[in-house]
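See below for structure_36.txt, which holds compact mmCIF, C-alpha atoms and all ligand atoms.
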# COMPACT_ATOMS: atom_id res chain seq x y z
CA MET N 13 -9.15 17.72 10.66
CA ALA N 14 -10.29 16.93 7.13
CA THR N 15 -11.36 13.59 5.74
CA GLU N 16 -8.64 12.24 3.47
CA ARG N 17 -8.13 9.29 1.15
CA THR N 18 -4.98 7.24 0.76
CA LEU N 19 -3.90 4.41 -1.54
CA SER N 20 -3.00 1.16 0.19
CA ILE N 21 -1.54 -2.00 -1.32
CA ILE N 22 -1.53 -5.37 0.44
CA LYS N 23 1.69 -6.71 -1.10
CA PRO N 24 2.33 -10.22 -2.54
CA ASP N 25 3.89 -11.61 0.67
CA ALA N 26 0.85 -10.72 2.79
CA VAL N 27 -1.63 -11.97 0.17
CA ALA N 28 0.31 -15.27 -0.03
CA LYS N 29 0.08 -15.60 3.76
CA ASN N 30 -3.74 -15.19 3.70
CA LEU N 31 -3.56 -11.91 5.61
CA ILE N 32 -6.01 -9.83 3.55
CA GLY N 33 -8.77 -10.10 6.15
CA ALA N 34 -6.49 -9.51 9.13
CA ILE N 35 -5.01 -6.39 7.52
CA ASN N 36 -8.39 -5.03 6.48
CA SER N 37 -9.59 -5.57 10.04
CA ARG N 38 -6.71 -3.41 11.37
CA PHE N 39 -7.74 -0.58 9.06
CA GLU N 40 -11.40 -0.75 10.02
CA THR N 41 -10.66 -1.05 13.74
CA ALA N 42 -8.52 2.10 13.48
CA GLY N 43 -11.41 4.03 11.94
CA LEU N 44 -10.41 3.89 8.27
CA SER N 45 -13.08 2.84 5.79
CA ILE N 46 -12.28 0.76 2.68
CA VAL N 47 -14.05 2.72 -0.07
CA ALA N 48 -12.54 0.87 -3.06
CA GLN N 49 -10.72 -2.45 -3.35
CA LYS N 50 -9.61 -4.88 -6.04
CA MET N 51 -7.18 -7.72 -6.57
CA LEU N 52 -4.56 -7.45 -9.33
CA HIS N 53 -1.43 -9.21 -10.50
CA LEU N 54 0.73 -6.23 -11.49
CA SER N 55 2.58 -6.26 -14.78
CA GLN N 56 6.19 -5.11 -14.92
CA GLU N 57 5.03 -1.85 -16.55
CA GLN N 58 2.39 -1.22 -13.87
CA ALA N 59 4.88 -1.80 -11.04
CA GLU N 60 7.60 0.33 -12.67
CA GLY N 61 5.15 3.18 -13.25
CA PHE N 62 3.76 3.00 -9.76
CA TYR N 63 7.21 3.19 -8.13
CA ALA N 64 8.70 5.56 -10.77
CA GLU N 65 9.98 7.91 -8.02
CA HIS N 66 12.44 5.16 -7.03
CA LYS N 67 13.70 4.26 -10.52
CA GLU N 68 17.29 5.43 -9.87
CA ARG N 69 17.54 3.67 -6.50
CA PRO N 70 19.65 0.49 -6.15
CA PHE N 71 16.68 -1.52 -4.88
CA PHE N 72 14.34 -0.61 -7.79
CA ALA N 73 14.74 -3.85 -9.81
CA ALA N 74 14.22 -6.00 -6.69
CA LEU N 75 11.19 -3.91 -5.71
CA VAL N 76 9.56 -4.35 -9.14
CA GLU N 77 10.38 -8.07 -9.19
CA PHE N 78 8.80 -8.53 -5.76
CA MET N 79 5.70 -6.45 -6.54
CA THR N 80 5.04 -8.56 -9.66
CA SER N 81 5.72 -11.91 -7.94
CA GLY N 82 2.08 -12.57 -7.04
CA PRO N 83 -1.32 -10.96 -6.64
CA VAL N 84 -1.84 -7.80 -4.60
CA VAL N 85 -4.88 -5.99 -3.22
CA VAL N 86 -5.10 -2.32 -4.13
CA GLN N 87 -7.48 -0.27 -2.05
CA VAL N 88 -8.56 3.25 -1.13
CA LEU N 89 -8.82 4.01 2.58
CA GLU N 90 -10.87 7.00 3.73
CA GLY N 91 -11.03 8.73 7.09
CA GLU N 92 -9.77 11.55 9.29
CA ASN N 93 -6.06 12.10 8.63
CA ALA N 94 -6.05 8.87 6.58
CA ILE N 95 -2.58 9.29 5.02
CA ALA N 96 -0.67 9.67 8.30
CA LYS N 97 -2.96 7.28 10.15
CA ASN N 98 -2.27 4.54 7.61
CA ARG N 99 1.49 5.12 7.83
CA GLU N 100 1.20 4.71 11.63
CA ILE N 101 -0.77 1.48 11.25
CA MET N 102 1.85 0.19 8.74
CA GLY N 103 4.96 0.97 10.81
CA ALA N 104 8.51 1.62 9.61
CA THR N 105 9.63 0.50 6.13
CA ASN N 106 12.04 -2.03 7.66
CA PRO N 107 10.01 -4.49 9.77
CA ALA N 108 13.01 -4.88 12.11
CA GLU N 109 12.53 -1.21 13.05
CA ALA N 110 8.72 -1.21 13.12
CA ALA N 111 6.94 -0.74 16.45
CA ALA N 112 5.08 -3.66 18.02
CA GLY N 113 1.46 -3.74 16.94
CA THR N 114 2.12 -2.30 13.48
CA LEU N 115 1.39 -4.31 10.34
CA ARG N 116 5.02 -4.54 9.29
CA HIS N 117 6.19 -5.62 12.76
CA ASP N 118 3.46 -8.21 13.10
CA PHE N 119 3.18 -9.54 9.53
CA ALA N 120 6.36 -8.76 7.50
CA ASN N 121 9.68 -10.56 7.21
CA SER N 122 12.06 -8.15 5.46
CA ILE N 123 12.47 -4.66 4.02
CA ASP N 124 11.75 -6.12 0.56
CA ALA N 125 8.70 -8.18 1.54
CA ASN N 126 7.12 -5.69 3.93
CA ALA N 127 3.40 -6.52 3.64
CA VAL N 128 1.87 -3.16 2.75
CA HIS N 129 2.29 0.08 0.86
CA GLY N 130 0.72 3.39 1.85
CA SER N 131 0.81 6.80 0.17
CA ASP N 132 3.19 9.20 1.93
CA ALA N 133 1.64 12.64 1.19
CA PRO N 134 -1.52 14.23 -0.26
CA ALA N 135 0.01 14.65 -3.74
CA SER N 136 1.20 11.03 -3.93
CA ALA N 137 -2.15 9.78 -2.60
CA GLU N 138 -3.96 11.60 -5.40
CA ARG N 139 -1.59 10.25 -8.05
CA GLU N 140 -1.62 6.70 -6.69
CA ILE N 141 -5.41 6.51 -6.31
CA GLY N 142 -5.77 7.71 -9.91
CA TYR N 143 -3.19 5.15 -11.02
CA PHE N 144 -5.48 2.26 -10.04
CA PHE N 145 -9.04 3.59 -9.76
CA LYS N 146 -11.55 5.56 -11.80
CA SER N 147 -13.63 7.96 -9.72
CA GLU N 148 -16.77 5.83 -10.24
CA GLU N 149 -14.99 2.84 -8.67
CA ILE N 150 -14.69 4.69 -5.34
CA CYS N 151 -17.70 4.49 -3.00
CA PRO N 152 -17.41 7.09 -0.23
CA ARG N 153 -19.22 6.61 3.09
CA GLY N 154 -22.11 9.00 3.20
P1 LIG N 201 6.02 1.89 0.36
O1 LIG N 201 6.25 2.99 -0.64
O2 LIG N 201 6.06 0.51 -0.23
O3 LIG N 201 4.79 2.15 1.17
O4 LIG N 201 7.21 1.90 1.42
P2 LIG N 201 7.81 3.15 2.17
O5 LIG N 201 7.14 4.42 1.76
O6 LIG N 201 7.83 2.83 3.63
O7 LIG N 201 9.31 3.11 1.63
P3 LIG N 201 9.90 3.75 0.28
O8 LIG N 201 11.11 4.55 0.67
O9 LIG N 201 8.84 4.43 -0.52
O10 LIG N 201 10.41 2.46 -0.50
C1 LIG N 201 9.53 1.69 -1.29
C2 LIG N 201 9.82 0.21 -1.05
O11 LIG N 201 11.13 -0.08 -1.53
C3 LIG N 201 11.75 -1.03 -0.69
N1 LIG N 201 12.98 -0.48 -0.14
N2 LIG N 201 14.06 -1.16 -0.03
N3 LIG N 201 16.72 -1.98 0.51
C4 LIG N 201 16.34 -0.75 0.81
O12 LIG N 201 17.09 0.05 1.32
C5 LIG N 201 14.99 -0.35 0.52
N4 LIG N 201 14.47 0.83 0.76
C6 LIG N 201 13.18 0.74 0.33
C7 LIG N 201 10.80 -1.35 0.44
O13 LIG N 201 10.13 -2.57 0.12
C8 LIG N 201 9.83 -0.19 0.43
O14 LIG N 201 8.57 -0.57 0.91
MG MG N 202 6.88 4.94 -0.27

Re-express the file's structure as structure tokens.
Amino acid sequence: MATERTLSIIKPDAVAKNLIGAINSRFETAGLSIVAQKMLHLSQEQAEGFYAEHKERPFFAALVEFMTSGPVVVQVLEGENAIAKNREIMGATNPAEAAAGTLRHDFANSIDANAVHGSDAPASAEREIGYFFKSEEICPRG
């Protein structure tokens, strides 16, 4: 299986709860390496552009409001099967449906404030990584 990269966001609720280290530890324990990471407070334009695929959905305004409500950590995770592996670590979108031991089950309160984002496919991972990082900001493990 090939090495992949995926874009992860530690969302405002998890940052506010001081969970950056705990979440990063879950990624590293699962064999994903953090190869780029920075803290940002997203503007309305940045959040709308990032979630543009959802702009016609009824929850879009609430999603943008939440994602701009406080600082986030944006990061690139690298490893075998990184896109699917991260989605497994995250758990289901709705924390009430997420399996025990997943980030959303253990750390999130609601479908709106659900702790983390992860790219859902190779094409979205490429777009989302490029949305936040220049290639020289990514430091692959040799
Ligand atoms: P994400 O993009 O944040 O990683 O989440 P996801 O793939 O699991 O879910 P997605 O369908 O892409 O939705 C993006 C975010 O929108 C909010 N949402 N609310 N009220 C609702 O029915 C609803 N559905 C989605 C969630 O916060 C979700 O993370
Ligand atoms: Mg999504």

Kindly indicate which residue among N:Ile21, N:Leu115, N:Ala14, N:Leu44 lies nearest to ligand LIG 201 (chain N), using only C-alpha atoms and all ligand atoms for the distances.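 Between N:Ile21, N:Leu115, N:Ala14, N:Leu44, the residue approaching ligand LIG 201 (chain N) most closely is N:Ile21.
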
Region 19-55 of chain N near region 128-149 of chain N within 7 Å: what's each residue's closest atom pair and its distance in Å to one decimal, counting only C-alpha atoms, ordered by chain then ascending residue number, as a Markdown table?
| residue | atom | partner | partner_atom | distance |
| --- | --- | --- | --- | --- |
| N:Leu19 | CA | N:Ile141 | CA | 5.4 |
| N:Ser20 | CA | N:Gly130 | CA | 4.6 |
| N:Ile21 | CA | N:His129 | CA | 4.9 |
| N:Ile22 | CA | N:Val128 | CA | 4.7 |
| N:Lys23 | CA | N:Val128 | CA | 5.2 |
| N:Ala48 | CA | N:Glu149 | CA | 6.4 |

For ligand LIG 201 (chain N), list the contacting residues at 6 Å or closer, counting only C-alpha atoms and all ligand atoms, as a list in words.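 So, counting only C-alpha atoms and all ligand atoms, the residues near ligand LIG 201 (chain N) are Phe71, Leu75, Thr105, Ile123, Asp124, Ala125, Asn126, His129 and Gly130 of chain N.
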
Got time to write the residues from that selection, C-alpha atoms, as a tab-separated table (two decimals), in the coordinates of the input?
chain	number	residue	atom	x	y	z
N	71	PHE	CA	16.68	-1.52	-4.88
N	75	LEU	CA	11.19	-3.91	-5.71
N	105	THR	CA	9.63	0.50	6.13
N	123	ILE	CA	12.47	-4.66	4.02
N	124	ASP	CA	11.75	-6.12	0.56
N	125	ALA	CA	8.70	-8.18	1.54
N	126	ASN	CA	7.12	-5.69	3.93
N	129	HIS	CA	2.29	0.08	0.86
N	130	GLY	CA	0.72	3.39	1.85

Just the residues within 12 Å of Ala26 (chain N), please, counting only C-alpha atoms, with nothing from its chain fewer than 2 positions along; format it as a PyMOL selection string. chain N and resi 21-24+28-36+78-79+81-85+115-116+118-122+125-129

Can you write just those residues out, C-alpha atoms, as a compact mmCIF listing (two decimals), in the coordinates of the input?
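Final file, selection-v1.txt:
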# COMPACT_ATOMS: atom_id res chain seq x y z
CA ILE N 21 -1.54 -2.00 -1.32
CA ILE N 22 -1.53 -5.37 0.44
CA LYS N 23 1.69 -6.71 -1.10
CA PRO N 24 2.33 -10.22 -2.54
CA ALA N 28 0.31 -15.27 -0.03
CA LYS N 29 0.08 -15.60 3.76
CA ASN N 30 -3.74 -15.19 3.70
CA LEU N 31 -3.56 -11.91 5.61
CA ILE N 32 -6.01 -9.83 3.55
CA GLY N 33 -8.77 -10.10 6.15
CA ALA N 34 -6.49 -9.51 9.13
CA ILE N 35 -5.01 -6.39 7.52
CA ASN N 36 -8.39 -5.03 6.48
CA PHE N 78 8.80 -8.53 -5.76
CA MET N 79 5.70 -6.45 -6.54
CA SER N 81 5.72 -11.91 -7.94
CA GLY N 82 2.08 -12.57 -7.04
CA PRO N 83 -1.32 -10.96 -6.64
CA VAL N 84 -1.84 -7.80 -4.60
CA VAL N 85 -4.88 -5.99 -3.22
CA LEU N 115 1.39 -4.31 10.34
CA ARG N 116 5.02 -4.54 9.29
CA ASP N 118 3.46 -8.21 13.10
CA PHE N 119 3.18 -9.54 9.53
CA ALA N 120 6.36 -8.76 7.50
CA ASN N 121 9.68 -10.56 7.21
CA SER N 122 12.06 -8.15 5.46
CA ALA N 125 8.70 -8.18 1.54
CA ASN N 126 7.12 -5.69 3.93
CA ALA N 127 3.40 -6.52 3.64
CA VAL N 128 1.87 -3.16 2.75
CA HIS N 129 2.29 0.08 0.86

Counting all atoms listed in the file, the option among N:Glu90, N:Glu65, N:Glu100, N:Glu109 closest to ligand MG 202 (chain N):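 Nearest to ligand MG 202 (chain N): N:Glu65.
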
Just want the 7 Å neighbourhood of Ser45 (chain N), counted on only C-alpha atoms, with same-chain residues fewer than 4 positions away dropped. Output as a ChimeraX atom specification. /N:40,89-91

note - CA of Met102 (chain N) and CA of Pro70 (chain N) are separated by 23.2 Å

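Counting all atoms listed in the file and comparing N:Ala64, N:Phe39, N:Asn93, N:Thr80, the residue that lies closest to ligand MG 202 (chain N) is N:Ala64.
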
With all atoms listed in the file as the basis for distance, which of N:Lys67, N:Arg38, N:Thr18, N:Gln87 is at the shortest distance from Met51 (chain N)? N:Gln87

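One distance worth recording is that between CA of Ala94 (chain N) and CA of Thr15 (chain N), which is 7.2 Å.
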
What gap, in Å, lies between CA of Thr114 (chain N) and CA of Lys97 (chain N)?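 CA of Lys97 (chain N) lies at a distance of 11.3 Å from CA of Thr114 (chain N).
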
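Residue nearest Ser55 (chain N) within the list N:Asn98, N:Met13, N:Asp25, N:Val76: N:Val76 [criterion: smallest interatomic distance, only C-alpha atoms].
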
Nearest-residue call for Ala42 (chain N), choices N:Ala110, N:Ile101, N:Ala59, N:Leu54, using all atoms listed in the file: N:Ile101
